[in-house]
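Participant: One structure is given below, represented as structure tokens, and several questions about it will come after.
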Amino acid sequence: MRLSVIGCGYLGAVHAAAMASIGHEVVGIDVDQRKIDALAEGKAPFFEPGLPELLTEGVASGRLRFTTDLSAAADATVHFIGVGTPQQKDGYAADLTYVNAAVDGLVPYLKPGDIVAGKSTVPVGTAATLAERVTPTGATLVWNPEFLREGWAVQDTIAPDRLVAGVPAGEEGERAADVLREVYHTAIATDTPFIITDYATAELVKVSANAFLATKISFINAMAEIAEVTGADVTQLADAIGHDARIGRRFLGAGIGFGGGCLPKDIRAFSARAEELGRGESVSFLREVDAINLRRRDRAVQLVVSSLEGGVYGKKITVLGAAFKPHSDDIRDSPALDVAVRLRGLGADVTVTDPEAIENSRRIHPQLTYVHDRDEALTGADAVVVVTEWDEYRRELDPAYAATLTKGRIVIDGRNCLDAGAWRAAGWTYYGMGRP
Ligand code: UGA
């Protein structure tokens, strides 16, 4: 099939490359010339495991191309909208400027029978409004949310755990669903559940999934706060409640909380949309979810300050991690980088290292010192703070070896990812989040 993908960020670039890899002819379109130049050469403009290989193969096969020229969409019959919906500058609501521009830009190139498939995360009600612009062209709008996780984006796109499409009622919707079945034929062949529904449900599936995940993380972080005043261990608590299959252990990792380009802005946009709908109280708990999450960053900073008895001023602190999570170079709303910046604000001499996110971090926070080599970063540190659970720190850093590099023996485990017993045995004073 001939597909176009408008917007070549994390979502669009991966979607375009994945669709080409399963045999479709795909054109990726973006306004950012630098991004397009990189992609056209088969290079990923951001770190995503598996993506460079897919891009190289796709471009070499001739099935995958990239351009800034929106008219290239005219040859395609299915058009995916994968542009960003960031938080508005002056409020909590989602900024729909890019989605509106993508649809308006695409309309002149649409033909009767084409499908426009929205993948961006949007406030419920957006698809119905956009359909009014698409329908007069004879094309059909569907809402087909994406559930990929950064770091696993290729796998999540090619073999998702479910597919969801909101379609118009009646025959038009049935035909659109059939077209999507053809697009996603490989996933459907392996019995991936495909939920066909209406626009509002499809939009809400996406935001409610992210709201649930954020709530789960903040729930365990709230338990960490209680553990901190009672001497309980939140990690053991999570293990114990996680054995209940109804609860499950995943996303019960207590620590400095969630960040990234999705969960924080999605729960805020959901609250804002619920207020507009007169149902603010239905999701008022999301404000609490947000507040708990942000408090954990304060807690990590407090732990560092109290661990260095004379305060952090002038102390050399090594921060291991900057990305919002491992396997990513994304620093959008990264709790890791936020902790580093706050420590620096308190007068600490902060050195940050990260396997992938240094360049992005340096651009936004040039005031911090960045070192690529982990061991060099550790050398002479008074305290070590682990804020992104990369394997390089979690598994591969031997505490006895680390002790030969640092000056102090204080480690603050902002992700509860280290083996506390092993670090203590190697002479370190270990502090976890919600752990004695
Ligand atoms: C999230 C969702 O997990 C995806 O399903 C969704 O498609 C995506 O947003 C999106 O809307 O596009 P992502 O932002 O890649 O994916 O990151 P997650 O893996 O969800 O992690 C989010 C944050 O939560 C990270 O900062 C991570 O460190 C933190 N986290 C995760 C915890 O603090 N504890 C946990 O137990 C799990």
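In the structure tokens, the first chain shown is A, the next is B, and so on; residue numbers restart at 1 for each chain, and ligands run from 1 in the order shown.
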Give me the residues near Ser120 in chain A as a PyMOL selection string, where near means some atom within 10 Å (using only C-alpha atoms) and where sequence neighbours in that chain fewer than 4 positions away do not count.
Facilitator: chain A and resi 7+11-12+80-85+96+98-99+143-146+203+206
Participant: Can you build me a table of chain A residues sitting at most 7 Å from ligand 1, with the closest atom pair per residue and its distance in Å to one decimal, using only C-alpha atoms and all ligand atoms, sorted by chain and residue number, as CSV?
Facilitator:
residue,atom,partner,partner_atom_place_in_ligand_line,distance
A:Thr121,CA,ligand 1,11 (O),6.9
A:Glu146,CA,ligand 1,7 (O),5.6
A:Phe147,CA,ligand 1,7 (O),3.1
A:Leu148,CA,ligand 1,7 (O),4.0
A:Arg149,CA,ligand 1,15 (O),3.6
A:Glu150,CA,ligand 1,15 (O),3.7
A:Gly151,CA,ligand 1,15 (O),6.8
A:Asn210,CA,ligand 1,2 (C),5.9
A:Leu213,CA,ligand 1,3 (O),6.9
A:Ile217,CA,ligand 1,34 (N),5.3
A:Arg250,CA,ligand 1,36 (O),6.0
A:Phe251,CA,ligand 1,36 (O),3.1
A:Leu252,CA,ligand 1,36 (O),4.2
A:Gly253,CA,ligand 1,36 (O),3.2
A:Ala254,CA,ligand 1,34 (N),5.7
A:Gly255,CA,ligand 1,33 (O),5.9
A:Ile256,CA,ligand 1,33 (O),6.3
A:Gly257,CA,ligand 1,33 (O),3.9
A:Phe258,CA,ligand 1,24 (O),3.5
A:Gly259,CA,ligand 1,26 (O),4.0
A:Gly260,CA,ligand 1,14 (O),5.2
A:Gly261,CA,ligand 1,14 (O),5.9
A:Cys262,CA,ligand 1,11 (O),4.6
A:Leu263,CA,ligand 1,9 (O),5.6
A:Phe324,CA,ligand 1,26 (O),4.5
A:Lys325,CA,ligand 1,28 (O),4.5
A:Ser334,CA,ligand 1,26 (O),6.6
A:Pro335,CA,ligand 1,26 (O),6.9
Participant: Give me, as a PyMOL selection string, all polymer residues having an atom no more than 6 Å from Arg394 in chain A, counting only C-alpha atoms and skipping those fewer than 5 positions away in the same chain.
Facilitator: chain A and resi 389+417-418
Participant: Could you pull out the strand (DSSP E) residues of range 224-429 of chain A from DSSP and send them as a count of residues only?
Facilitator: 21
Participant: Quick check, in Å to one decimal: how far apart do CA of Glu225 in chain A and CA of Arg249 in chain A lie?
Facilitator: 18.5 Å
Participant: Enter the distance from CA of Val124 in chain A to CA of Met1 in chain A, in Å, rounded to one decimal.
Facilitator: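 It comes out at 29.3 Å.
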Participant: Find, counting only C-alpha atoms, the residue in A:Arg63, A:His372, A:Lys43, A:Lys216 that gets nearest to Val27 in chain A.
Facilitator: A:Arg63
Participant: If you run DSSP on the backbone, which residues of range 153-261 of chain A are alpha helix (DSSP H), as number ranges by chain?
Facilitator: A: 153-158, 170-183, 185-189, 199-230, 234-242
Participant: If we count only C-alpha atoms, what is near Val301 in chain A at a cut-off of 9 Å, once residues fewer than 2 positions away on the same chain are taken out, given as a ChimeraX atom specification?
Facilitator: /A:296-299,303-306,339-340,342-343
Participant: Mind writing the picked residues with N, CA, C and O atoms as a short mmCIF file (atom, residue, chain, number, x, y, z; two decimals), in the first residue's frame?
Facilitator:
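Saved result, again_22.cif, follows:
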data_model
loop_
_atom_site.label_atom_id
_atom_site.label_comp_id
_atom_site.auth_asym_id
_atom_site.auth_seq_id
_atom_site.Cartn_x
_atom_site.Cartn_y
_atom_site.Cartn_z
N ARG A 296 8.73 13.76 44.37
CA ARG A 296 9.83 12.78 44.45
C ARG A 296 11.15 13.38 43.99
O ARG A 296 12.22 12.94 44.41
N ARG A 297 11.09 14.35 43.12
CA ARG A 297 12.33 15.01 42.71
C ARG A 297 12.89 15.82 43.90
O ARG A 297 14.08 15.80 44.16
N ASP A 298 11.97 16.50 44.61
CA ASP A 298 12.39 17.26 45.80
C ASP A 298 13.04 16.30 46.80
O ASP A 298 14.06 16.61 47.40
N ARG A 299 12.40 15.15 46.96
CA ARG A 299 12.89 14.17 47.94
C ARG A 299 14.32 13.72 47.58
O ARG A 299 15.17 13.60 48.46
N LEU A 303 17.57 14.15 49.90
CA LEU A 303 18.41 13.02 50.31
C LEU A 303 19.88 13.32 50.07
O LEU A 303 20.73 13.02 50.91
N VAL A 304 20.18 13.91 48.91
CA VAL A 304 21.58 14.24 48.60
C VAL A 304 22.09 15.25 49.61
O VAL A 304 23.18 15.10 50.19
N VAL A 305 21.27 16.29 49.87
CA VAL A 305 21.70 17.35 50.79
C VAL A 305 21.94 16.76 52.18
O VAL A 305 22.98 17.02 52.80
N SER A 306 21.00 15.95 52.67
CA SER A 306 21.17 15.44 54.04
C SER A 306 22.29 14.40 54.13
O SER A 306 22.90 14.24 55.17
N VAL A 339 16.86 16.86 38.65
CA VAL A 339 17.60 16.68 39.91
C VAL A 339 19.00 17.27 39.77
O VAL A 339 19.48 18.00 40.65
N ALA A 340 19.64 17.01 38.64
CA ALA A 340 21.00 17.53 38.42
C ALA A 340 21.00 19.06 38.43
O ALA A 340 21.85 19.70 39.08
N ARG A 342 18.82 21.08 39.84
CA ARG A 342 18.54 21.61 41.18
C ARG A 342 19.76 21.54 42.09
O ARG A 342 20.00 22.44 42.88
N LEU A 343 20.52 20.45 41.97
CA LEU A 343 21.72 20.33 42.81
C LEU A 343 22.72 21.42 42.44
O LEU A 343 23.34 22.03 43.30
#
Participant: Would you work out the distance separating CA of Gly58 in chain A from CA of Pro160 in chain A, expressed in Å to one decimal?
Facilitator: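 About the pair CA of Gly58 in chain A and CA of Pro160 in chain A: they are 20.0 Å apart.
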Participant: Point out the residue among A:Ile410, A:Ala20, A:Ile364, A:Ala101 with the least atom-to-atom distance to Tyr184 in chain A, counting only C-alpha atoms.
Facilitator: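 Counting only C-alpha atoms, the residue closest to Tyr184 in chain A is A:Ala20.
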Participant: At a cut-off of 10 Å, using only C-alpha atoms, what residues contact Gly50 in chain A? Leave out same-chain residues fewer than 5 positions from it and give the result as a list in words.
Facilitator: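 Final neighbour list, sorted by chain and number: Val14, Ala44, Leu55, Gly151, Trp152, Ala153, Val154 and Gln155 of chain A.
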Participant: Would you list the contacts of Phe46 in chain A as a list of chain:residue names, taking every protein, DNA or RNA residue within 9 Å and counting only C-alpha atoms, but skipping same-chain residues closer than 5 positions in sequence?
Facilitator: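 Once the adjacent positions are removed, what remains is A:Gly9, A:Tyr10, A:Ser328, A:Asp329, A:Asp330.
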